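**Student:** Handing over upload_33.csv, CSV, C-alpha atoms and all ligand atoms.
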```csv
chain,number,residue,atom,x,y,z
A,229,MET,CA,75.1,15.6,90.8
A,230,THR,CA,75.3,12.6,88.6
A,231,ALA,CA,72.1,11.6,86.8
A,232,PRO,CA,70.6,8.4,88.3
A,233,HIS,CA,71.1,5.2,86.3
A,234,GLU,CA,67.8,3.6,85.4
A,235,HIS,CA,67.3,-0.1,84.6
A,236,ASP,CA,64.3,-2.2,84.1
A,237,SER,CA,64.6,-4.9,86.7
A,238,VAL,CA,66.4,-6.0,89.8
A,239,SER,CA,68.9,-8.7,89.2
A,240,ASP,CA,71.3,-10.6,91.4
A,241,PRO,CA,74.3,-11.0,89.2
A,242,ALA,CA,76.8,-13.8,89.4
A,243,HIS,CA,80.3,-12.7,90.5
A,244,SER,CA,83.5,-14.4,90.4
A,245,ASP,CA,86.8,-13.0,91.8
A,246,GLU,CA,90.4,-13.5,90.9
A,247,THR,CA,90.3,-16.9,92.6
A,248,GLY,CA,87.8,-18.0,89.9
A,249,HIS,CA,85.2,-18.9,92.5
A,250,ASP,CA,81.6,-18.0,91.7
A,251,TRP,CA,80.5,-16.4,95.0
A,252,SER,CA,77.0,-15.9,93.8
A,253,ASP,CA,76.1,-19.5,94.4
A,254,GLU,CA,76.6,-19.1,98.1
A,255,GLY,CA,74.0,-16.5,99.1
A,256,GLY,CA,73.6,-14.6,102.4
A,257,ALA,CA,76.0,-12.5,104.4
A,258,LEU,CA,77.9,-15.5,105.8
A,259,PRO,CA,78.5,-17.9,103.0
A,260,ASP,CA,78.7,-21.6,103.8
A,261,GLY,CA,80.8,-23.2,101.1
A,262,PRO,CA,83.9,-25.4,101.5
A,263,ALA,CA,86.9,-24.3,103.5
A,264,THR,CA,89.1,-23.3,100.5
A,265,LEU,CA,89.5,-19.5,100.5
A,266,GLY,CA,90.8,-18.4,103.9
A,267,ALA,CA,93.4,-15.8,103.1
A,268,HIS,CA,92.6,-12.4,101.8
A,269,THR,CA,93.6,-11.4,98.4
A,270,ARG,CA,95.9,-8.4,98.2
A,271,GLY,CA,94.5,-5.6,96.2
A,272,GLY,CA,91.1,-7.3,95.7
A,273,PRO,CA,88.1,-7.7,98.0
A,274,HIS,CA,88.5,-9.7,101.2
A,275,PRO,CA,86.7,-13.0,100.7
A,276,PRO,CA,85.1,-14.7,103.7
A,277,ASN,CA,86.4,-18.0,105.0
A,278,ARG,CA,84.6,-21.1,103.9
A,279,ASN,CA,84.7,-23.1,107.1
A,280,HIS,CA,81.9,-25.4,106.3
A,281,VAL,CA,80.9,-27.6,109.2
A,282,HIS,CA,77.6,-29.3,108.3
A,283,GLY,CA,74.1,-28.4,107.6
A,284,GLY,CA,75.1,-24.9,106.5
A,285,LEU,CA,76.7,-24.0,109.9
A,286,VAL,CA,79.3,-21.3,109.8
A,287,ASP,CA,81.6,-20.8,112.7
A,288,PRO,CA,81.4,-17.1,113.6
A,289,ARG,CA,85.0,-17.1,115.0
A,290,THR,CA,86.4,-17.9,111.5
A,291,ALA,CA,83.6,-16.9,109.2
A,292,PHE,CA,86.0,-14.1,108.1
A,293,PRO,CA,89.7,-14.2,108.6
A,294,LYS,CA,91.2,-12.9,111.8
A,295,ILE,CA,93.1,-10.0,110.4
A,296,GLU,CA,96.4,-8.5,111.6
A,297,PRO,CA,96.6,-5.4,109.5
A,298,PRO,CA,100.1,-3.8,109.0
A,299,GLU,CA,100.6,-0.4,110.5
A,300,GLN,CA,99.3,2.0,108.0
A,301,GLN,CA,97.9,5.6,107.8
A,302,GLN,CA,95.8,7.5,105.2
A,303,PRO,CA,94.7,11.1,105.2
A,304,GLU,CA,91.1,11.6,106.3
A,305,PRO,CA,88.8,10.5,104.7
A,306,GLY,CA,90.4,7.1,104.1
A,307,LEU,CA,89.8,5.1,101.0
A,308,ASP,CA,88.6,1.5,100.9
A,309,GLN,CA,90.8,1.1,97.9
A,310,LYS,CA,93.9,1.7,99.9
A,311,LEU,CA,93.1,-0.5,102.9
A,312,GLU,CA,95.5,-3.4,103.5
A,313,PRO,CA,93.9,-5.9,103.6
A,314,ARG,CA,90.8,-4.8,101.7
A,315,ALA,CA,87.5,-4.8,103.6
A,316,TYR,CA,84.7,-7.2,102.5
A,317,ARG,CA,81.4,-5.5,101.7
A,318,GLY,CA,79.4,-8.5,100.6
A,319,GLU,CA,79.8,-7.8,96.9
A,320,HIS,CA,80.4,-11.5,96.1
A,321,THR,CA,77.9,-13.0,98.4
A,322,TYR,CA,74.9,-10.8,99.4
A,323,ARG,CA,71.8,-12.2,97.8
A,324,GLY,CA,68.6,-10.1,97.8
A,325,SER,CA,65.1,-11.4,98.0
A,326,GLY,CA,63.1,-8.4,97.1
A,327,ARG,CA,62.6,-7.3,100.8
A,328,LEU,CA,63.0,-3.6,99.9
A,329,ARG,CA,61.7,-3.7,96.4
A,330,GLY,CA,60.5,-0.3,95.1
A,331,ARG,CA,61.7,1.7,98.1
A,332,ASN,CA,63.9,4.7,98.0
A,333,ALA,CA,66.8,5.0,100.4
A,334,LEU,CA,69.3,7.8,101.2
A,335,ILE,CA,72.5,6.5,102.8
A,336,THR,CA,75.3,8.8,104.1
A,337,GLY,CA,78.9,7.6,104.1
A,338,ALA,CA,77.8,5.2,101.3
A,339,ASP,CA,81.1,5.0,99.4
A,340,SER,CA,83.0,2.7,101.7
A,341,GLY,CA,82.9,0.5,104.8
A,342,ILE,CA,79.6,-0.1,106.4
A,343,GLY,CA,77.7,2.4,104.3
A,344,ALA,CA,78.9,0.7,101.1
A,345,ALA,CA,77.9,-2.8,102.4
A,346,VAL,CA,74.4,-1.3,103.2
A,347,ALA,CA,74.1,0.2,99.7
A,348,ILE,CA,75.0,-3.1,98.1
A,349,ALA,CA,72.5,-5.0,100.2
A,350,PHE,CA,69.7,-2.4,99.8
A,351,ALA,CA,70.2,-2.3,96.0
A,352,ARG,CA,70.1,-6.1,95.8
A,353,GLU,CA,66.9,-6.1,97.9
A,354,GLY,CA,65.4,-3.8,95.2
A,355,ALA,CA,65.7,-0.3,96.7
A,356,ASN,CA,66.8,2.7,94.8
A,357,VAL,CA,69.8,4.2,96.6
A,358,ALA,CA,71.1,7.8,96.9
A,359,LEU,CA,74.7,7.8,98.0
A,360,ALA,CA,76.1,10.7,100.0
A,361,TYR,CA,79.9,10.9,100.6
A,362,LEU,CA,82.8,13.4,100.5
A,363,PRO,CA,84.0,14.5,97.1
A,364,ALA,CA,87.5,13.1,97.9
A,365,GLU,CA,85.9,9.6,98.1
A,366,GLN,CA,84.9,9.6,94.4
A,367,PRO,CA,87.2,6.6,93.6
A,368,ASP,CA,85.5,4.4,96.2
A,369,ALA,CA,82.1,5.7,95.1
A,370,VAL,CA,82.9,4.7,91.5
A,371,GLU,CA,83.8,1.2,92.6
A,372,ILE,CA,80.5,0.8,94.4
A,373,ASP,CA,78.7,2.2,91.5
A,374,LYS,CA,80.0,-0.6,89.3
A,375,ILE,CA,78.7,-3.2,91.8
A,376,LEU,CA,75.3,-1.4,92.0
A,377,ASP,CA,75.1,-1.0,88.2
A,378,GLU,CA,74.2,-4.7,87.9
A,379,THR,CA,71.3,-4.6,90.3
A,380,GLY,CA,69.0,-2.6,88.1
A,381,VAL,CA,68.0,0.0,90.6
A,382,LYS,CA,68.3,3.7,90.4
A,383,VAL,CA,71.5,5.1,91.8
A,384,LEU,CA,72.0,8.8,92.7
A,385,HIS,CA,75.4,10.3,93.7
A,386,LEU,CA,75.3,13.2,96.1
A,387,PRO,CA,78.9,14.1,97.0
A,388,GLY,CA,79.5,16.9,99.6
A,389,ASP,CA,80.5,17.8,103.1
A,390,LEU,CA,77.9,17.0,105.8
A,391,ALA,CA,79.4,19.7,108.0
A,392,ASP,CA,78.2,22.2,105.3
A,393,VAL,CA,74.6,23.2,106.2
A,394,SER,CA,73.8,24.3,102.7
A,395,TYR,CA,74.9,20.9,101.2
A,396,ARG,CA,73.2,18.7,103.8
A,397,ASN,CA,69.9,20.5,103.6
A,398,THR,CA,69.6,19.7,99.9
A,399,LEU,CA,70.0,15.9,100.3
A,400,VAL,CA,66.4,14.9,101.1
A,401,HIS,CA,65.1,17.2,98.4
A,402,LYS,CA,67.5,15.9,95.8
A,403,THR,CA,66.6,12.3,96.6
A,404,LEU,CA,62.9,13.1,96.3
A,405,GLY,CA,63.5,14.8,93.0
A,406,ALA,CA,65.3,11.8,91.6
A,407,PHE,CA,63.2,8.9,93.0
A,408,GLY,CA,59.9,10.5,93.8
A,409,GLY,CA,59.9,9.5,97.4
A,410,LEU,CA,62.1,8.7,100.5
A,411,ASP,CA,61.3,5.6,102.6
A,412,ILE,CA,64.6,4.8,104.2
A,413,LEU,CA,67.2,7.2,105.7
A,414,VAL,CA,70.5,5.7,106.9
A,415,ASN,CA,72.5,8.3,108.9
A,416,ASN,CA,75.8,6.5,108.7
A,417,ALA,CA,78.6,9.0,107.9
A,418,GLY,CA,81.0,9.4,110.8
A,419,LYS,CA,84.1,11.4,111.7
A,420,GLN,CA,86.5,9.7,114.1
A,421,LEU,CA,89.9,11.2,114.9
A,422,SER,CA,92.0,9.8,117.7
A,423,VAL,CA,93.5,12.3,120.1
A,424,GLU,CA,95.4,11.0,123.2
A,425,ASP,CA,94.9,14.0,125.5
A,426,ILE,CA,92.0,16.4,125.9
A,427,ASP,CA,94.6,19.1,126.1
A,428,GLU,CA,95.3,18.6,122.3
A,429,LEU,CA,91.6,18.4,121.3
A,430,SER,CA,90.9,21.5,119.2
A,431,ASP,CA,87.7,23.4,119.1
A,432,GLU,CA,87.6,22.8,115.4
A,433,GLN,CA,87.8,19.1,115.7
A,434,ILE,CA,85.1,19.0,118.4
A,435,GLU,CA,82.8,21.1,116.3
A,436,GLN,CA,83.4,19.1,113.1
A,437,THR,CA,82.9,15.8,114.8
A,438,PHE,CA,79.6,16.9,116.2
A,439,ALA,CA,78.6,18.5,112.9
A,440,VAL,CA,79.1,15.4,110.9
A,441,ASN,CA,78.0,12.8,113.5
A,442,VAL,CA,75.2,14.6,115.3
A,443,PHE,CA,74.0,17.8,113.6
A,444,ALA,CA,73.7,16.2,110.2
A,445,THR,CA,71.8,13.3,111.7
A,446,PHE,CA,69.4,15.7,113.3
A,447,ALA,CA,69.0,17.8,110.1
A,448,LEU,CA,68.6,14.9,107.7
A,449,SER,CA,66.1,13.1,110.1
A,450,ARG,CA,64.1,16.3,110.3
A,451,ASP,CA,64.0,16.8,106.6
A,452,ALA,CA,63.2,13.1,106.0
A,453,ALA,CA,60.4,13.1,108.6
A,454,ARG,CA,58.7,15.9,106.8
A,455,VAL,CA,58.2,13.8,103.6
A,456,MET,CA,58.2,10.2,104.9
A,457,GLU,CA,55.0,8.2,104.8
A,458,PRO,CA,53.9,5.6,107.4
A,459,GLY,CA,56.1,2.5,107.0
A,460,SER,CA,59.2,4.5,106.4
A,461,THR,CA,62.3,4.0,108.6
A,462,ILE,CA,65.3,6.0,109.9
A,463,ILE,CA,68.4,4.0,110.9
A,464,ASN,CA,71.3,5.7,112.7
A,465,THR,CA,74.8,4.3,113.0
A,466,THR,CA,76.0,4.6,116.6
A,467,SER,CA,78.8,2.6,118.2
A,468,ILE,CA,80.0,0.4,121.0
A,469,GLN,CA,81.8,3.7,121.9
A,470,ALA,CA,78.4,5.1,123.1
A,471,TYR,CA,78.7,3.0,126.2
A,472,SER,CA,82.3,2.1,126.4
A,473,PRO,CA,84.3,5.1,125.4
A,474,SER,CA,88.0,4.8,124.5
A,475,PRO,CA,89.9,7.6,126.2
A,476,HIS,CA,91.5,8.7,122.9
A,477,LEU,CA,88.0,9.1,121.2
A,478,LEU,CA,86.3,11.6,123.7
A,479,ASP,CA,84.6,13.7,121.1
A,480,TYR,CA,83.6,10.8,118.8
A,481,ALA,CA,82.3,8.6,121.6
A,482,SER,CA,80.2,11.4,123.0
A,483,THR,CA,78.6,11.9,119.6
A,484,LYS,CA,77.7,8.2,119.5
A,485,ALA,CA,76.0,8.4,122.9
A,486,ALA,CA,74.1,11.4,121.6
A,487,ILE,CA,73.0,9.4,118.5
A,488,ASN,CA,71.7,6.6,120.7
A,489,ASN,CA,69.7,9.0,122.9
A,490,PHE,CA,68.4,10.9,119.8
A,491,THR,CA,67.3,7.6,118.3
A,492,LYS,CA,65.1,6.8,121.3
A,493,GLY,CA,63.6,10.3,121.6
A,494,LEU,CA,62.9,10.6,117.9
A,495,ALA,CA,61.4,7.0,117.8
A,496,ALA,CA,58.9,8.1,120.5
A,497,GLN,CA,58.0,11.2,118.5
A,498,LEU,CA,57.7,9.5,115.1
A,499,GLY,CA,56.3,6.1,116.2
A,500,PRO,CA,52.8,7.5,116.5
A,501,LYS,CA,53.1,8.7,112.9
A,502,GLY,CA,54.1,5.2,111.7
A,503,ILE,CA,57.8,6.0,111.1
A,504,ARG,CA,60.2,3.8,112.9
A,505,VAL,CA,63.6,5.0,114.1
A,506,ASN,CA,66.3,2.6,115.2
A,507,ALA,CA,70.1,2.4,115.5
A,508,VAL,CA,72.9,0.0,114.8
A,509,ALA,CA,75.9,-0.1,117.1
A,510,PRO,CA,78.9,-1.7,115.4
A,511,GLY,CA,81.9,-2.9,117.3
A,512,PRO,CA,85.4,-3.0,115.7
A,513,ILE,CA,84.8,-3.2,111.9
A,514,TRP,CA,87.6,-3.1,109.4
A,515,THR,CA,87.0,0.0,107.4
A,516,PRO,CA,88.9,3.1,106.1
A,517,LEU,CA,87.8,5.0,109.2
A,518,GLN,CA,90.4,3.2,111.4
A,519,PRO,CA,93.7,3.8,109.5
A,520,SER,CA,92.8,7.4,108.6
A,521,HIS,CA,93.6,8.7,112.1
A,522,GLY,CA,90.7,6.8,113.7
A,523,GLN,CA,93.1,4.8,115.8
A,524,PRO,CA,96.8,5.1,116.8
A,525,PRO,CA,98.5,3.1,114.0
A,526,GLU,CA,100.1,0.6,116.4
A,527,LYS,CA,96.6,-0.5,117.6
A,528,LEU,CA,95.6,-1.6,114.1
A,529,THR,CA,97.6,-4.8,114.1
A,530,SER,CA,95.3,-6.3,116.9
A,531,PHE,CA,92.2,-4.4,115.9
A,532,GLY,CA,89.1,-6.3,117.1
A,533,HIS,CA,91.1,-9.1,118.8
A,534,ASP,CA,89.5,-8.2,122.1
A,535,THR,CA,86.0,-9.2,121.1
A,536,TRP,CA,84.5,-12.5,122.3
A,537,LEU,CA,84.9,-13.8,118.7
A,538,GLY,CA,88.6,-12.7,118.8
A,539,ARG,CA,88.5,-10.9,115.4
A,540,ALA,CA,87.4,-7.7,113.7
A,541,GLY,CA,84.2,-7.7,111.9
A,542,GLN,CA,83.8,-7.0,108.1
A,543,PRO,CA,81.3,-4.4,106.7
A,544,ALA,CA,79.4,-7.2,105.1
A,545,GLU,CA,78.4,-8.5,108.5
A,546,LEU,CA,76.6,-5.3,109.3
A,547,ALA,CA,74.4,-5.0,106.2
A,548,PRO,CA,71.7,-7.6,107.1
A,549,THR,CA,70.9,-5.7,110.3
A,550,TYR,CA,70.2,-2.6,108.3
A,551,VAL,CA,68.1,-4.5,105.8
A,552,PHE,CA,66.1,-6.0,108.7
A,553,LEU,CA,65.5,-2.6,110.4
A,554,ALA,CA,64.5,-1.1,107.0
A,555,SER,CA,62.1,-4.0,106.1
A,556,ASN,CA,58.6,-4.8,107.2
A,557,GLU,CA,60.0,-7.7,109.2
A,558,SER,CA,61.0,-5.3,112.0
A,559,SER,CA,57.6,-3.6,112.2
A,560,TYR,CA,57.4,-3.8,116.0
A,561,ILE,CA,60.9,-2.6,116.7
A,562,LEU,CA,61.3,1.1,117.5
A,563,GLY,CA,63.9,3.1,119.4
A,564,GLU,CA,66.2,0.1,119.6
A,565,THR,CA,69.9,-0.1,119.2
A,566,LEU,CA,71.0,-3.4,117.7
A,567,ASN,CA,74.6,-4.3,118.6
A,568,VAL,CA,76.7,-5.9,116.0
A,569,ASN,CA,80.0,-6.1,117.7
A,570,GLY,CA,81.5,-9.6,117.8
A,571,GLY,CA,80.6,-9.9,121.5
A,572,ARG,CA,81.1,-7.2,124.1
A,573,ALA,CA,78.9,-6.3,127.1
A,574,THR,CA,76.4,-3.7,126.3
A,575,PRO,CA,73.8,-2.0,128.6
B,601,LIG,P1,84.1,4.7,106.5
B,601,LIG,O1,85.3,5.5,106.6
B,601,LIG,O2,84.0,3.7,105.4
B,601,LIG,O3,82.7,5.5,106.5
B,601,LIG,C1,82.6,6.7,107.1
B,601,LIG,C2,82.0,7.7,106.1
B,601,LIG,O4,81.7,8.9,106.7
B,601,LIG,C3,83.0,8.0,105.0
B,601,LIG,O5,83.0,7.1,103.9
B,601,LIG,C4,82.5,9.4,104.6
B,601,LIG,O6,81.8,9.3,103.4
B,601,LIG,C5,81.6,9.8,105.7
B,601,LIG,N1,82.1,11.1,106.2
B,601,LIG,C6,83.0,11.4,107.1
B,601,LIG,N2,83.1,12.8,107.2
B,601,LIG,C7,82.2,13.3,106.4
B,601,LIG,C8,81.8,14.6,106.0
B,601,LIG,N3,82.4,15.7,106.6
B,601,LIG,N4,80.9,14.8,105.1
B,601,LIG,C9,80.3,13.8,104.5
B,601,LIG,N5,80.6,12.5,104.8
B,601,LIG,C10,81.5,12.3,105.7
B,601,LIG,O7,84.0,3.9,107.9
B,601,LIG,P2,82.8,3.1,108.6
B,601,LIG,O8,83.5,2.4,109.8
B,601,LIG,O9,82.1,2.3,107.6
B,601,LIG,O10,81.9,4.2,109.2
B,601,LIG,C11,80.5,4.2,109.1
B,601,LIG,C12,79.8,4.4,110.4
B,601,LIG,O11,80.1,3.4,111.3
B,601,LIG,C13,80.4,5.7,111.1
B,601,LIG,O12,79.3,6.4,111.6
B,601,LIG,C14,81.2,5.2,112.2
B,601,LIG,O13,81.3,6.0,113.3
B,601,LIG,C15,80.5,3.9,112.5
B,601,LIG,N6,81.2,2.9,113.3
B,601,LIG,C16,82.3,2.3,112.8
B,601,LIG,C17,83.0,1.4,113.5
B,601,LIG,C18,84.2,0.7,113.0
B,601,LIG,O14,84.9,0.0,113.7
B,601,LIG,N7,84.5,0.8,111.7
B,601,LIG,C19,82.5,1.1,114.8
B,601,LIG,C20,81.4,1.7,115.3
B,601,LIG,C21,80.8,2.6,114.5
B,602,MG,MG,84.7,6.5,102.6
```
Can I see the file as structure tokens?
Ligand code: NAD
Ligand code: MG

**Tutor:**
Amino acid sequence: MTAPHEHDSVSDPAHSDETGHDWSDEGGALPDGPATLGAHTRGGPHPPNRNHVHGGLVDPRTAFPKIEPPEQQQPEPGLDQKLEPRAYRGEHTYRGSGRLRGRNALITGADSGIGAAVAIAFAREGANVALAYLPAEQPDAVEIDKILDETGVKVLHLPGDLADVSYRNTLVHKTLGAFGGLDILVNNAGKQLSVEDIDELSDEQIEQTFAVNVFATFALSRDAARVMEPGSTIINTTSIQAYSPSPHLLDYASTKAAINNFTKGLAAQLGPKGIRVNAVAPGPIWTPLQPSHGQPPEKLTSFGHDTWLGRAGQPAELAPTYVFLASNESSYILGETLNVNGGRATP
């Protein structure tokens, strides 16, 4: 366990990337500057398009580039650092306004993808963040740490395997020990391995997928509910797969349906105690989950092209939804699943 970094104040630092552009002037998840930076930068973060129309309008079809990633494969878990093109997690644009100031958050799968975007946004909103991830993802976690370092909040690293009961049952306790409280739990870690035929689906994979996606979500929610005070929130990451399962993701899609159902049941149980439970259901988002056996490699080149917006989403486009569900602004929303999917029919 790495000792948390402590700083005096929450800041919103200026960032410039290799283009020389100062992204910090733009603010928000969807920046609205001039249309000058369309293409992604190889090896660096994936900057959003600047398709300014007027009055701050941003066209959601082109707010971020339509990517056609080359066929690629990484061992599981994938690294953000090896994604081609890189994913965009809001590091140059997310601007906080103190909406989570003084709160303490535990985020699983926080090293990369959606979890990393949420960690950046939460920290810039003033929350202390505990980051859980697999030890093999340390290089990504170090990269996120550098971004968080400038926010001035406390950061706690909790590497380990969520399938390991003895590890996951320490997470809430360690967060409490470091921060003195837990107000936000984000169950975001996910295991997704594509298998074409149920005949090839091993018992081990089924059990591991359920252990990471479902059992850990149950266990962490239980441990969090024991210590959370009224006003606290639990946010679970489910998926479009919960309602619209891909045939090659039988185990994964089933876990996401379970998470949706769990979210509604637990919300009914904890609502009377003043703790709100909700879920976010992403559609196709460009993250390391996909090229690390999450999809057949040949499907990556057109990943997300079948949404109504015609492109994959970027992790940065998810973070504001988690901030909203964690903040007081969503005080009357419980047991809800917010779909952030670029347009697809949902129940
Ligand atoms: P990601 O690979 O960046 O994040 C997934 C994280 O899960 C990993 O970083 C890892 O830290 C964690 N994880 C996996 N196995 C683990 C284990 N055994 N122990 C501990 N942690 C483990 O990908 P992402 O797409 O940002 O995924 C975040 C969540 O979003 C997942 O729950 C995923 O199912 C969900 N989701 C993603 C998409 C998408 O298109 N990317 C769509 C719908 C839902
Ligand atoms: Mg990761």

**Student:** Mind checking which residues fall within 9 Å of A:Ala347, counting all atoms listed in the file, ignoring those fewer than 6 positions away in the same chain, and posting them as a list of chain:residue names?

**Tutor:**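 Near A:Ala347, the qualifying residues are A:Ala333, A:Ile335, A:Ala338, A:Asp339, A:Ala355, A:Val357, A:Ala358, A:Leu359, A:Ile372, A:Leu376, A:Ala547.
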
**Student:** Keeping only C-alpha atoms, write the selected residues to a file as a PDB file, in the coordinates of the input.

**Tutor:**
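File written: out-v2.pdb
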```pdb
ATOM      1  CA  ALA A 333      66.800   5.000 100.400  1.00  0.00           C
ATOM      2  CA  ILE A 335      72.500   6.500 102.800  1.00  0.00           C
ATOM      3  CA  ALA A 338      77.800   5.200 101.300  1.00  0.00           C
ATOM      4  CA  ASP A 339      81.100   5.000  99.400  1.00  0.00           C
ATOM      5  CA  ALA A 355      65.700  -0.300  96.700  1.00  0.00           C
ATOM      6  CA  VAL A 357      69.800   4.200  96.600  1.00  0.00           C
ATOM      7  CA  ALA A 358      71.100   7.800  96.900  1.00  0.00           C
ATOM      8  CA  LEU A 359      74.700   7.800  98.000  1.00  0.00           C
ATOM      9  CA  ILE A 372      80.500   0.800  94.400  1.00  0.00           C
ATOM     10  CA  LEU A 376      75.300  -1.400  92.000  1.00  0.00           C
ATOM     11  CA  ALA A 547      74.400  -5.000 106.200  1.00  0.00           C
TER      12      ALA A 547
END
```

**Student:** At what distance in Å, to one decimal, does atom CA of A:Asp451 lie from atom CA of A:Ser559?

**Tutor:**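 Atom CA of A:Asp451 lies at a distance of 22.1 Å from atom CA of A:Ser559.
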
**Student:** Quick one: distance from atom CA of A:Gly306 to atom O1 of ligand LIG 601 (chain B) in Å, one decimal?

**Tutor:**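 Pair atom CA of A:Gly306 / atom O1 of ligand LIG 601 (chain B) returns 5.9 Å.
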
**Student:** Rounded to one decimal, what separation in Å do you get between atom CA of A:Arg396 and atom CA of A:Val346?

**Tutor:**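 A separation of 20.0 Å between them.
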
**Student:** List as number ranges by chain the protein and nucleic acid residues lying within 7 Å of ligand LIG 601 (chain B), with only C-alpha atoms and all ligand atoms counted.

**Tutor:** A: 305-306, 308, 336-343, 360-362, 365, 388-391, 416-420, 440-441, 465-469, 509-518, 543

**Student:** Write the residues of the selection above to a file with C-alpha atoms, as an mmCIF file, keeping the file's coordinate frame.

**Tutor:**
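Contents of selection_21.cif, freshly written:
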```cif
data_model
loop_
_atom_site.group_PDB
_atom_site.id
_atom_site.type_symbol
_atom_site.label_atom_id
_atom_site.label_comp_id
_atom_site.auth_asym_id
_atom_site.auth_seq_id
_atom_site.Cartn_x
_atom_site.Cartn_y
_atom_site.Cartn_z
ATOM 1 C CA PRO A 305 88.800 10.500 104.700
ATOM 2 C CA GLY A 306 90.400 7.100 104.100
ATOM 3 C CA ASP A 308 88.600 1.500 100.900
ATOM 4 C CA THR A 336 75.300 8.800 104.100
ATOM 5 C CA GLY A 337 78.900 7.600 104.100
ATOM 6 C CA ALA A 338 77.800 5.200 101.300
ATOM 7 C CA ASP A 339 81.100 5.000 99.400
ATOM 8 C CA SER A 340 83.000 2.700 101.700
ATOM 9 C CA GLY A 341 82.900 0.500 104.800
ATOM 10 C CA ILE A 342 79.600 -0.100 106.400
ATOM 11 C CA GLY A 343 77.700 2.400 104.300
ATOM 12 C CA ALA A 360 76.100 10.700 100.000
ATOM 13 C CA TYR A 361 79.900 10.900 100.600
ATOM 14 C CA LEU A 362 82.800 13.400 100.500
ATOM 15 C CA GLU A 365 85.900 9.600 98.100
ATOM 16 C CA GLY A 388 79.500 16.900 99.600
ATOM 17 C CA ASP A 389 80.500 17.800 103.100
ATOM 18 C CA LEU A 390 77.900 17.000 105.800
ATOM 19 C CA ALA A 391 79.400 19.700 108.000
ATOM 20 C CA ASN A 416 75.800 6.500 108.700
ATOM 21 C CA ALA A 417 78.600 9.000 107.900
ATOM 22 C CA GLY A 418 81.000 9.400 110.800
ATOM 23 C CA LYS A 419 84.100 11.400 111.700
ATOM 24 C CA GLN A 420 86.500 9.700 114.100
ATOM 25 C CA VAL A 440 79.100 15.400 110.900
ATOM 26 C CA ASN A 441 78.000 12.800 113.500
ATOM 27 C CA THR A 465 74.800 4.300 113.000
ATOM 28 C CA THR A 466 76.000 4.600 116.600
ATOM 29 C CA SER A 467 78.800 2.600 118.200
ATOM 30 C CA ILE A 468 80.000 0.400 121.000
ATOM 31 C CA GLN A 469 81.800 3.700 121.900
ATOM 32 C CA ALA A 509 75.900 -0.100 117.100
ATOM 33 C CA PRO A 510 78.900 -1.700 115.400
ATOM 34 C CA GLY A 511 81.900 -2.900 117.300
ATOM 35 C CA PRO A 512 85.400 -3.000 115.700
ATOM 36 C CA ILE A 513 84.800 -3.200 111.900
ATOM 37 C CA TRP A 514 87.600 -3.100 109.400
ATOM 38 C CA THR A 515 87.000 0.000 107.400
ATOM 39 C CA PRO A 516 88.900 3.100 106.100
ATOM 40 C CA LEU A 517 87.800 5.000 109.200
ATOM 41 C CA GLN A 518 90.400 3.200 111.400
ATOM 42 C CA PRO A 543 81.300 -4.400 106.700
#
```
